[in-house]
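Text of target_10.pdb, listed as PDB, C-alpha atoms, pLDDT in the B column:
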ATOM      1  CA  GLU A  24       0.000   0.000   0.000  1.00 75.00           C
ATOM      2  CA  GLU A  25       1.421   3.363  -1.052  1.00 80.00           C
ATOM      3  CA  LYS A  26       1.085   6.331   1.280  1.00 83.00           C
ATOM      4  CA  ALA A  27       1.277  10.024   0.458  1.00 80.00           C
ATOM      5  CA  GLN A  28       2.322  12.754   2.858  1.00 84.00           C
ATOM      6  CA  ALA A  29       1.188  16.374   2.885  1.00 86.00           C
ATOM      7  CA  ASP A  30       2.190  19.250   5.138  1.00 87.00           C
ATOM      8  CA  LEU A  31      -1.376  20.476   5.447  1.00 89.00           C
ATOM      9  CA  VAL A  32      -4.819  19.261   4.396  1.00 90.00           C
ATOM     10  CA  PHE A  33      -7.952  21.418   4.575  1.00 92.00           C
ATOM     11  CA  ASP A  34     -11.428  20.154   5.338  1.00 92.00           C
ATOM     12  CA  HIS A  35     -14.266  20.831   2.895  1.00 87.00           C
ATOM     13  CA  ASP A  36     -15.803  23.561   5.070  1.00 90.00           C
ATOM     14  CA  VAL A  37     -12.624  25.703   5.341  1.00 91.00           C
ATOM     15  CA  GLY A  38     -13.064  29.208   3.910  1.00 89.00           C
ATOM     16  CA  GLN A  39     -10.871  31.104   1.484  1.00 90.00           C
ATOM     17  CA  GLY A  40      -9.521  33.324   4.263  1.00 90.00           C
ATOM     18  CA  ASP A  41      -8.262  30.334   6.254  1.00 93.00           C
ATOM     19  CA  VAL A  42      -6.360  29.018   3.229  1.00 92.00           C
ATOM     20  CA  LEU A  43      -4.875  32.449   2.535  1.00 93.00           C
ATOM     21  CA  GLN A  44      -3.603  32.821   6.083  1.00 93.00           C
ATOM     22  CA  ALA A  45      -2.225  29.292   6.340  1.00 94.00           C
ATOM     23  CA  VAL A  46      -0.594  28.948   2.918  1.00 93.00           C
ATOM     24  CA  LEU A  47       0.010  32.377   1.398  1.00 94.00           C
ATOM     25  CA  GLN A  48       0.709  34.709   4.315  1.00 94.00           C
ATOM     26  CA  PRO A  49       3.955  32.983   5.432  1.00 94.00           C
ATOM     27  CA  GLN A  50       5.247  33.263   1.853  1.00 94.00           C
ATOM     28  CA  LEU A  51       4.330  36.960   1.720  1.00 93.00           C
ATOM     29  CA  ASP A  52       6.149  37.594   4.987  1.00 93.00           C
ATOM     30  CA  ARG A  53       9.342  36.077   3.563  1.00 93.00           C
ATOM     31  CA  PHE A  54       8.830  37.853   0.226  1.00 92.00           C
ATOM     32  CA  LEU A  55       8.939  41.192   2.026  1.00 91.00           C
ATOM     33  CA  ALA A  56      11.615  40.325   4.590  1.00 90.00           C
ATOM     34  CA  GLU A  57      14.169  38.465   2.457  1.00 91.00           C
ATOM     35  CA  PRO A  58      15.645  40.248  -0.597  1.00 88.00           C
ATOM     36  CA  GLY A  59      15.706  37.920  -3.598  1.00 89.00           C
ATOM     37  CA  PHE A  60      13.203  35.476  -2.108  1.00 91.00           C
ATOM     38  CA  SER A  61      11.029  33.691  -4.681  1.00 92.00           C
ATOM     39  CA  SER A  62       7.906  31.658  -4.091  1.00 92.00           C
ATOM     40  CA  ILE A  63       5.626  29.655  -6.384  1.00 91.00           C
ATOM     41  CA  VAL A  64       1.960  28.898  -5.711  1.00 93.00           C
ATOM     42  CA  LEU A  65       0.546  26.188  -7.976  1.00 92.00           C
ATOM     43  CA  ALA A  66      -3.164  25.404  -8.193  1.00 91.00           C
ATOM     44  CA  TYR A  67      -3.625  21.926  -9.644  1.00 90.00           C
ATOM     45  CA  GLY A  68      -6.739  19.829 -10.070  1.00 87.00           C
ATOM     46  CA  GLN A  69      -9.469  18.583 -12.371  1.00 84.00           C
ATOM     47  CA  THR A  70     -12.112  20.778 -14.002  1.00 80.00           C
ATOM     48  CA  GLY A  71     -14.370  22.374 -11.408  1.00 80.00           C
ATOM     49  CA  SER A  72     -12.068  21.651  -8.453  1.00 84.00           C
ATOM     50  CA  GLY A  73     -11.596  25.343  -7.593  1.00 85.00           C
ATOM     51  CA  LYS A  74      -8.293  26.410  -9.154  1.00 89.00           C
ATOM     52  CA  THR A  75      -9.582  29.757 -10.454  1.00 87.00           C
ATOM     53  CA  HIS A  76     -11.552  30.229  -7.216  1.00 87.00           C
ATOM     54  CA  THR A  77      -8.341  29.785  -5.226  1.00 91.00           C
ATOM     55  CA  ILE A  78      -6.147  32.084  -7.319  1.00 92.00           C
ATOM     56  CA  PHE A  79      -8.650  34.834  -8.193  1.00 90.00           C
ATOM     57  CA  GLY A  80     -11.654  34.317  -5.920  1.00 89.00           C
ATOM     58  CA  PRO A  81     -15.343  33.556  -6.479  1.00 86.00           C
ATOM     59  CA  PRO A  82     -17.044  35.048  -9.560  1.00 82.00           C
ATOM     60  CA  GLY A  83     -18.040  38.685  -9.221  1.00 82.00           C
ATOM     61  CA  VAL A  84     -16.043  39.615  -6.097  1.00 85.00           C
ATOM     62  CA  LEU A  85     -13.204  41.511  -7.781  1.00 86.00           C
ATOM     63  CA  THR A  86     -14.815  44.947  -7.677  1.00 86.00           C
ATOM     64  CA  GLU A  87     -13.983  48.343  -6.228  1.00 86.00           C
ATOM     65  CA  HIS A  88     -17.108  48.107  -4.065  1.00 85.00           C
ATOM     66  CA  GLU A  89     -16.000  44.772  -2.611  1.00 86.00           C
ATOM     67  CA  TYR A  90     -12.584  46.212  -1.772  1.00 86.00           C
ATOM     68  CA  LYS A  91     -14.037  49.256  -0.018  1.00 84.00           C
ATOM     69  CA  GLN A  92     -16.377  46.983   1.946  1.00 83.00           C
ATOM     70  CA  GLY A  93     -13.310  45.129   3.204  1.00 74.00           C
ATOM     71  CA  GLY A  94     -12.316  48.005   5.449  1.00 76.00           C
ATOM     72  CA  GLY A  95      -9.101  48.987   3.691  1.00 73.00           C
ATOM     73  CA  GLY A  96      -7.527  45.551   3.459  1.00 80.00           C
ATOM     74  CA  PRO A  97      -7.854  42.815   0.853  1.00 86.00           C
ATOM     75  CA  PRO A  98     -11.170  40.958   1.375  1.00 86.00           C
ATOM     76  CA  LEU A  99     -10.636  37.421   2.628  1.00 85.00           C
ATOM     77  CA  SER A 100     -12.993  36.181  -0.073  1.00 86.00           C
ATOM     78  CA  TRP A 101     -10.488  37.193  -2.759  1.00 91.00           C
ATOM     79  CA  GLY A 102      -7.995  34.783  -4.238  1.00 92.00           C
ATOM     80  CA  PHE A 103      -4.251  34.438  -3.820  1.00 94.00           C
ATOM     81  CA  PHE A 104      -3.213  36.879  -6.550  1.00 95.00           C
ATOM     82  CA  PRO A 105      -5.251  39.974  -5.574  1.00 93.00           C
ATOM     83  CA  TYR A 106      -4.722  39.275  -1.875  1.00 93.00           C
ATOM     84  CA  ALA A 107      -0.947  38.970  -2.321  1.00 95.00           C
ATOM     85  CA  ALA A 108      -0.607  42.086  -4.472  1.00 95.00           C
ATOM     86  CA  ILE A 109      -2.663  44.321  -2.176  1.00 94.00           C
ATOM     87  CA  SER A 110      -0.978  42.945   0.948  1.00 93.00           C
ATOM     88  CA  VAL A 111       2.462  43.777  -0.486  1.00 95.00           C
ATOM     89  CA  LEU A 112       1.386  47.306  -1.472  1.00 94.00           C
ATOM     90  CA  GLN A 113      -0.015  47.953   2.003  1.00 93.00           C
ATOM     91  CA  ALA A 114       3.087  46.547   3.677  1.00 93.00           C
ATOM     92  CA  LEU A 115       5.307  48.859   1.610  1.00 93.00           C
ATOM     93  CA  GLN A 116       3.155  51.800   2.664  1.00 92.00           C
ATOM     94  CA  THR A 117       3.390  50.815   6.332  1.00 92.00           C
ATOM     95  CA  MET A 118       7.178  50.414   6.132  1.00 91.00           C
ATOM     96  CA  GLY A 119       7.586  53.769   4.390  1.00 91.00           C
ATOM     97  CA  LEU A 120       8.919  52.140   1.229  1.00 89.00           C
ATOM     98  CA  ALA A 121       6.075  52.961  -1.155  1.00 87.00           C
ATOM     99  CA  LYS A 122       8.217  55.509  -3.039  1.00 88.00           C
ATOM    100  CA  ARG A 123      11.372  53.399  -3.023  1.00 91.00           C
ATOM    101  CA  ALA A 124       9.964  50.117  -4.312  1.00 92.00           C
ATOM    102  CA  GLN A 125       7.856  49.127  -7.296  1.00 94.00           C
ATOM    103  CA  LEU A 126       5.499  46.159  -7.601  1.00 95.00           C
ATOM    104  CA  LYS A 127       4.946  44.848 -11.133  1.00 95.00           C
ATOM    105  CA  VAL A 128       2.793  42.078 -12.558  1.00 95.00           C
ATOM    106  CA  SER A 129       2.804  40.127 -15.805  1.00 94.00           C
ATOM    107  CA  VAL A 130       0.209  37.544 -16.822  1.00 93.00           C
ATOM    108  CA  VAL A 131       0.449  35.021 -19.640  1.00 92.00           C
ATOM    109  CA  GLU A 132      -1.866  32.266 -20.798  1.00 91.00           C
ATOM    110  CA  ILE A 133      -0.641  28.972 -22.234  1.00 88.00           C
ATOM    111  CA  TYR A 134      -3.267  27.629 -24.619  1.00 86.00           C
ATOM    112  CA  LEU A 135      -2.834  24.959 -27.286  1.00 82.00           C
ATOM    113  CA  GLU A 136       0.957  25.062 -26.817  1.00 79.00           C
ATOM    114  CA  ARG A 137       1.101  28.810 -27.458  1.00 85.00           C
ATOM    115  CA  MET A 138       1.626  31.639 -24.991  1.00 88.00           C
ATOM    116  CA  PHE A 139      -0.399  34.874 -24.950  1.00 90.00           C
ATOM    117  CA  ASP A 140       0.058  38.103 -22.988  1.00 92.00           C
ATOM    118  CA  LEU A 141      -3.229  38.772 -21.178  1.00 91.00           C
ATOM    119  CA  LEU A 142      -2.181  42.326 -20.269  1.00 92.00           C
ATOM    120  CA  ASN A 143      -1.271  43.250 -23.832  1.00 92.00           C
ATOM    121  CA  ASN A 144      -4.320  42.404 -25.973  1.00 90.00           C
ATOM    122  CA  ARG A 145      -3.413  38.704 -26.058  1.00 90.00           C
ATOM    123  CA  GLN A 146      -0.259  39.344 -28.066  1.00 90.00           C
ATOM    124  CA  SER A 147       1.650  36.167 -28.800  1.00 90.00           C
ATOM    125  CA  VAL A 148       4.758  35.659 -26.633  1.00 88.00           C
ATOM    126  CA  PRO A 149       7.546  33.492 -28.096  1.00 82.00           C
ATOM    127  CA  VAL A 150       8.433  30.409 -26.057  1.00 73.00           C
ATOM    128  CA  PRO A 151      12.106  29.423 -26.525  1.00 63.00           C
ATOM    129  CA  GLY A 152      12.476  25.686 -27.060  1.00 58.00           C
ATOM    130  CA  ALA A 153       8.730  25.094 -27.399  1.00 59.00           C
ATOM    131  CA  SER A 154       9.283  22.947 -30.477  1.00 57.00           C
ATOM    132  CA  VAL A 155      11.582  20.598 -28.575  1.00 53.00           C
ATOM    133  CA  ARG A 156       9.714  17.577 -27.262  1.00 56.00           C
ATOM    134  CA  ALA A 157      10.723  16.458 -23.772  1.00 54.00           C
ATOM    135  CA  THR A 158      11.143  12.676 -24.052  1.00 58.00           C
ATOM    136  CA  SER A 159      13.273  10.205 -22.154  1.00 56.00           C
ATOM    137  CA  ALA A 160      14.966   9.232 -25.435  1.00 57.00           C
ATOM    138  CA  ARG A 161      16.715  12.581 -25.736  1.00 55.00           C
ATOM    139  CA  PRO A 162      20.487  12.128 -25.264  1.00 53.00           C
ATOM    140  CA  ASP A 163      20.763  15.390 -23.318  1.00 54.00           C
ATOM    141  CA  ASN A 164      17.834  14.587 -21.037  1.00 53.00           C
ATOM    142  CA  GLU A 165      20.065  14.464 -17.954  1.00 60.00           C
ATOM    143  CA  THR A 166      21.727  17.861 -18.488  1.00 66.00           C
ATOM    144  CA  THR A 167      20.399  21.382 -18.107  1.00 72.00           C
ATOM    145  CA  ASN A 168      22.179  24.438 -19.491  1.00 75.00           C
ATOM    146  CA  TYR A 169      21.908  28.047 -18.263  1.00 78.00           C
ATOM    147  CA  ASP A 170      23.381  31.282 -19.554  1.00 79.00           C
ATOM    148  CA  ALA A 171      25.361  33.834 -17.519  1.00 82.00           C
ATOM    149  CA  ASN A 172      22.111  35.320 -16.188  1.00 78.00           C
ATOM    150  CA  GLY A 173      20.787  31.993 -14.959  1.00 76.00           C
ATOM    151  CA  ARG A 174      18.277  31.669 -17.810  1.00 76.00           C
ATOM    152  CA  TRP A 175      17.518  28.183 -19.117  1.00 74.00           C
ATOM    153  CA  GLN A 176      18.941  27.433 -22.563  1.00 71.00           C
ATOM    154  CA  PRO A 177      17.171  25.121 -25.039  1.00 64.00           C
ATOM    155  CA  PRO A 178      19.241  22.055 -26.006  1.00 59.00           C
ATOM    156  CA  GLY A 179      21.615  22.889 -28.844  1.00 55.00           C
ATOM    157  CA  THR A 180      21.359  19.336 -30.168  1.00 44.00           C
ATOM    158  CA  PHE A 181      17.805  19.961 -31.302  1.00 42.00           C
ATOM    159  CA  LEU A 182      17.819  23.718 -31.895  1.00 46.00           C
ATOM    160  CA  SER A 183      20.240  25.269 -34.328  1.00 45.00           C
ATOM    161  CA  LYS A 184      21.949  28.505 -33.378  1.00 46.00           C
ATOM    162  CA  ALA A 185      19.857  30.313 -35.991  1.00 43.00           C
ATOM    163  CA  ALA A 186      16.683  29.135 -34.273  1.00 43.00           C
ATOM    164  CA  THR A 187      17.843  30.167 -30.794  1.00 41.00           C
ATOM    165  CA  PRO A 188      17.246  33.901 -30.234  1.00 40.00           C
ATOM    166  CA  VAL A 189      19.885  35.967 -28.496  1.00 36.00           C
ATOM    167  CA  SER A 190      17.283  37.857 -26.459  1.00 37.00           C
ATOM    168  CA  PHE A 191      13.851  36.518 -25.628  1.00 40.00           C
ATOM    169  CA  SER A 192      10.649  38.554 -25.930  1.00 53.00           C
ATOM    170  CA  THR A 193       8.860  38.774 -22.620  1.00 76.00           C
ATOM    171  CA  ALA A 194       5.358  39.590 -21.472  1.00 86.00           C
ATOM    172  CA  LYS A 195       4.379  43.145 -20.666  1.00 91.00           C
ATOM    173  CA  GLU A 196       4.839  44.194 -17.047  1.00 93.00           C
ATOM    174  CA  VAL A 197       2.235  46.479 -15.466  1.00 94.00           C
ATOM    175  CA  VAL A 198       3.084  48.640 -12.454  1.00 95.00           C
ATOM    176  CA  LEU A 199       0.685  48.277  -9.530  1.00 95.00           C
ATOM    177  CA  ASP A 200       0.457  51.573  -7.674  1.00 94.00           C
ATOM    178  CA  GLY A 201      -2.614  50.824  -5.562  1.00 92.00           C
ATOM    179  CA  PRO A 202      -5.407  48.353  -4.755  1.00 90.00           C
ATOM    180  CA  LEU A 203      -7.642  49.532  -7.592  1.00 91.00           C
ATOM    181  CA  ASP A 204      -4.858  48.733 -10.078  1.00 94.00           C
ATOM    182  CA  VAL A 205      -4.890  45.189  -8.726  1.00 93.00           C
ATOM    183  CA  VAL A 206      -8.668  44.979  -9.136  1.00 91.00           C
ATOM    184  CA  GLN A 207      -8.446  46.174 -12.729  1.00 92.00           C
ATOM    185  CA  VAL A 208      -5.680  43.725 -13.652  1.00 93.00           C
ATOM    186  CA  ALA A 209      -7.478  40.783 -12.032  1.00 90.00           C
ATOM    187  CA  ARG A 210     -10.698  41.566 -13.879  1.00 88.00           C
ATOM    188  CA  THR A 211      -8.831  41.997 -17.166  1.00 89.00           C
ATOM    189  CA  VAL A 212      -7.242  38.576 -16.755  1.00 89.00           C
ATOM    190  CA  GLU A 213     -10.541  36.923 -15.879  1.00 84.00           C
ATOM    191  CA  ASN A 214     -12.232  38.408 -18.939  1.00 83.00           C
ATOM    192  CA  SER A 215      -9.344  37.624 -21.305  1.00 83.00           C
ATOM    193  CA  ARG A 216      -8.752  33.963 -20.549  1.00 81.00           C
ATOM    194  CA  SER A 217      -9.935  31.217 -22.866  1.00 74.00           C
ATOM    195  CA  ALA A 218     -13.049  29.660 -21.362  1.00 62.00           C
ATOM    196  CA  GLN A 219     -15.824  27.290 -22.319  1.00 53.00           C
ATOM    197  CA  SER A 220     -19.046  26.086 -20.721  1.00 52.00           C
ATOM    198  CA  HIS A 221     -19.593  22.390 -19.991  1.00 46.00           C
ATOM    199  CA  ALA A 222     -21.517  20.129 -17.631  1.00 48.00           C
ATOM    200  CA  LEU A 223     -19.203  20.614 -14.674  1.00 48.00           C
ATOM    201  CA  ASN A 224     -18.552  24.334 -14.927  1.00 52.00           C
ATOM    202  CA  HIS A 225     -20.502  27.188 -16.523  1.00 49.00           C
ATOM    203  CA  ARG A 226     -17.289  29.066 -17.363  1.00 49.00           C
ATOM    204  CA  SER A 227     -14.339  26.696 -17.301  1.00 53.00           C
ATOM    205  CA  SER A 228     -10.849  28.016 -17.973  1.00 59.00           C
ATOM    206  CA  ARG A 229      -9.364  26.025 -20.841  1.00 66.00           C
ATOM    207  CA  SER A 230      -5.738  27.059 -20.393  1.00 81.00           C
ATOM    208  CA  HIS A 231      -2.866  27.486 -17.977  1.00 87.00           C
ATOM    209  CA  CYS A 232      -2.383  30.944 -16.493  1.00 90.00           C
ATOM    210  CA  LEU A 233       0.965  32.193 -15.126  1.00 92.00           C
ATOM    211  CA  ILE A 234       0.963  35.311 -12.940  1.00 94.00           C
ATOM    212  CA  THR A 235       4.307  36.826 -11.950  1.00 94.00           C
ATOM    213  CA  LEU A 236       4.640  39.460  -9.233  1.00 94.00           C
ATOM    214  CA  SER A 237       8.032  41.144  -8.925  1.00 94.00           C
ATOM    215  CA  LEU A 238       9.180  43.672  -6.350  1.00 93.00           C
ATOM    216  CA  ARG A 239      12.076  45.952  -7.237  1.00 91.00           C
ATOM    217  CA  GLN A 240      13.861  48.755  -5.474  1.00 86.00           C
ATOM    218  CA  ILE A 241      13.799  52.049  -7.393  1.00 84.00           C
TER     219      ILE A 241
END
Represent the structure from my file as structure tokens, please.
Amino acid sequence: EEKAQADLVFDHDVGQGDVLQAVLQPQLDRFLAEPGFSSIVLAYGQTGSGKTHTIFGPPGVLTEHEYKQGGGGPPLSWGFFPYAAISVLQALQTMGLAKRAQLKVSVVEIYLERMFDLLNNRQSVPVPGASVRATSARPDNETTNYDANGRWQPPGTFLSKAATPVSFSTAKEVVLDGPLDVVQVARTVENSRSAQSHALNHRSSRSHCLITLSLRQI
């Protein structure tokens, strides 16, 4: 009999706020306290399991009215992304760093093996090495190459130098100056994602969505 181990398991009646405080808040604390700290939150599950609910929140809650009703802080009904962004902005304000640091966000969608910038009118974003299939038969499967900046390099065996760009195009970064910027970005992403109705979900996301928050000193 195989056994799996998890650090934390939530019951079915646990609310969004409890999950935020238990999972996300410790990561936010380190994000603000430790320069260079990176954290990844991955929502994984079958259709209708609550991935979008966890990351963005229930349908219809990402509004200016909902934020103002929250008493100045991010509503606990909101998902990981808007909660994290607003929490960081408020922490910078409290620490007196609002004018010396800048919070940016980029959002891309991966759909049918292509990547689209959801904050730039769904412009296509090149994916280096996307044409290289990851199979166990590849002779360089056990090696990983990085450039001087720590960026992953596609295998040269399968990509000619002409096909490997010197500089990669990246998704547009949007500066978040305040909570209402976060609300606007979150709503834009929700409305821009590829979705389709089916028996399990009235509006099911049909793609992967990658949200990147970066904090830089200015």
Requested in this report: Using all atoms listed in the file, find all polymer residues with an atom at most 6 Å away from the point (-12.4, 47.2, -9.9); report them as an MDAnalysis selection string.
Outcome: chainID A and resid 86:87 203 206:207
Specify as a PDB file with C-alpha atoms, keeping the file's coordinate frame each residue included when the PyMOL selection byres ((chain A and resi 143) around 12) is applied to this file.
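To be explicit, this is the file written out as part00.pdb:
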ATOM      1  CA  SER A 129       2.804  40.127 -15.805  1.00 94.00           C
ATOM      2  CA  VAL A 130       0.209  37.544 -16.822  1.00 93.00           C
ATOM      3  CA  VAL A 131       0.449  35.021 -19.640  1.00 92.00           C
ATOM      4  CA  GLU A 132      -1.866  32.266 -20.798  1.00 91.00           C
ATOM      5  CA  PHE A 139      -0.399  34.874 -24.950  1.00 90.00           C
ATOM      6  CA  ASP A 140       0.058  38.103 -22.988  1.00 92.00           C
ATOM      7  CA  LEU A 141      -3.229  38.772 -21.178  1.00 91.00           C
ATOM      8  CA  LEU A 142      -2.181  42.326 -20.269  1.00 92.00           C
ATOM      9  CA  ASN A 144      -4.320  42.404 -25.973  1.00 90.00           C
ATOM     10  CA  ARG A 145      -3.413  38.704 -26.058  1.00 90.00           C
ATOM     11  CA  GLN A 146      -0.259  39.344 -28.066  1.00 90.00           C
ATOM     12  CA  SER A 147       1.650  36.167 -28.800  1.00 90.00           C
ATOM     13  CA  VAL A 148       4.758  35.659 -26.633  1.00 88.00           C
ATOM     14  CA  THR A 193       8.860  38.774 -22.620  1.00 76.00           C
ATOM     15  CA  ALA A 194       5.358  39.590 -21.472  1.00 86.00           C
ATOM     16  CA  LYS A 195       4.379  43.145 -20.666  1.00 91.00           C
ATOM     17  CA  GLU A 196       4.839  44.194 -17.047  1.00 93.00           C
ATOM     18  CA  VAL A 197       2.235  46.479 -15.466  1.00 94.00           C
ATOM     19  CA  VAL A 208      -5.680  43.725 -13.652  1.00 93.00           C
ATOM     20  CA  THR A 211      -8.831  41.997 -17.166  1.00 89.00           C
ATOM     21  CA  VAL A 212      -7.242  38.576 -16.755  1.00 89.00           C
ATOM     22  CA  SER A 215      -9.344  37.624 -21.305  1.00 83.00           C
TER      23      SER A 215
END
Query raised in the report: Within 9 Å of (8.5, 44.0, -1.4), in the coordinates the file gives, what residues turn up when you count all atoms listed in the file, written out as a PyMOL selection string?
Result: chain A and resi 51+54-58+111-112+114-115+120+124-126+237-240
So that I have them on file, write out the residues from the current selection with C-alpha atoms, as an mmCIF file, in the frame of the given file.
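Output file part-v7.cif follows:
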data_model
loop_
_atom_site.group_PDB
_atom_site.id
_atom_site.type_symbol
_atom_site.label_atom_id
_atom_site.label_comp_id
_atom_site.auth_asym_id
_atom_site.auth_seq_id
_atom_site.Cartn_x
_atom_site.Cartn_y
_atom_site.Cartn_z
ATOM 1 C CA LEU A 51 4.330 36.960 1.720
ATOM 2 C CA PHE A 54 8.830 37.853 0.226
ATOM 3 C CA LEU A 55 8.939 41.192 2.026
ATOM 4 C CA ALA A 56 11.615 40.325 4.590
ATOM 5 C CA GLU A 57 14.169 38.465 2.457
ATOM 6 C CA PRO A 58 15.645 40.248 -0.597
ATOM 7 C CA VAL A 111 2.462 43.777 -0.486
ATOM 8 C CA LEU A 112 1.386 47.306 -1.472
ATOM 9 C CA ALA A 114 3.087 46.547 3.677
ATOM 10 C CA LEU A 115 5.307 48.859 1.610
ATOM 11 C CA LEU A 120 8.919 52.140 1.229
ATOM 12 C CA ALA A 124 9.964 50.117 -4.312
ATOM 13 C CA GLN A 125 7.856 49.127 -7.296
ATOM 14 C CA LEU A 126 5.499 46.159 -7.601
ATOM 15 C CA SER A 237 8.032 41.144 -8.925
ATOM 16 C CA LEU A 238 9.180 43.672 -6.350
ATOM 17 C CA ARG A 239 12.076 45.952 -7.237
ATOM 18 C CA GLN A 240 13.861 48.755 -5.474
#
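CA of Tyr67 in chain A is found 16.6 Å from CA of Gln28 in chain A.
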Need to verify the contact set: Ala66 in chain A, 8 Å, only C-alpha atoms, exclusion of same-chain residues closer than 3 positions in sequence. Can you return it as a compact mmCIF listing (two decimals) with C-alpha atoms, in the frame of the given file?
# COMPACT_ATOMS: atom_id res chain seq x y z
CA LYS A 74 -8.29 26.41 -9.15
CA THR A 77 -8.34 29.78 -5.23
CA ILE A 78 -6.15 32.08 -7.32
Report task. Determine the residue membership of the PyMOL selection byres ((chain A and resi 202) around 10) for the file above and supply it as a count of residues only. Result -> 21
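Here CA of Gln176 in chain A is placed at a distance of 11.5 Å from CA of Val150 in chain A.
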How big is the axis-aligned box around the listed atoms of range 49-55 of chain A once 6 Å is added on each side, and where is its centre? Give both in Å to one decimal, as AutoDock Vina command-line options.
--center_x 6.6 --center_y 37.1 --center_z 2.8 --size_x 17.4 --size_y 20.2 --size_z 17.2
Query raised in the report: Which distance in Å separates CA of Val42 in chain A and CA of Val84 in chain A, to one decimal?
Result: 17.1 Å
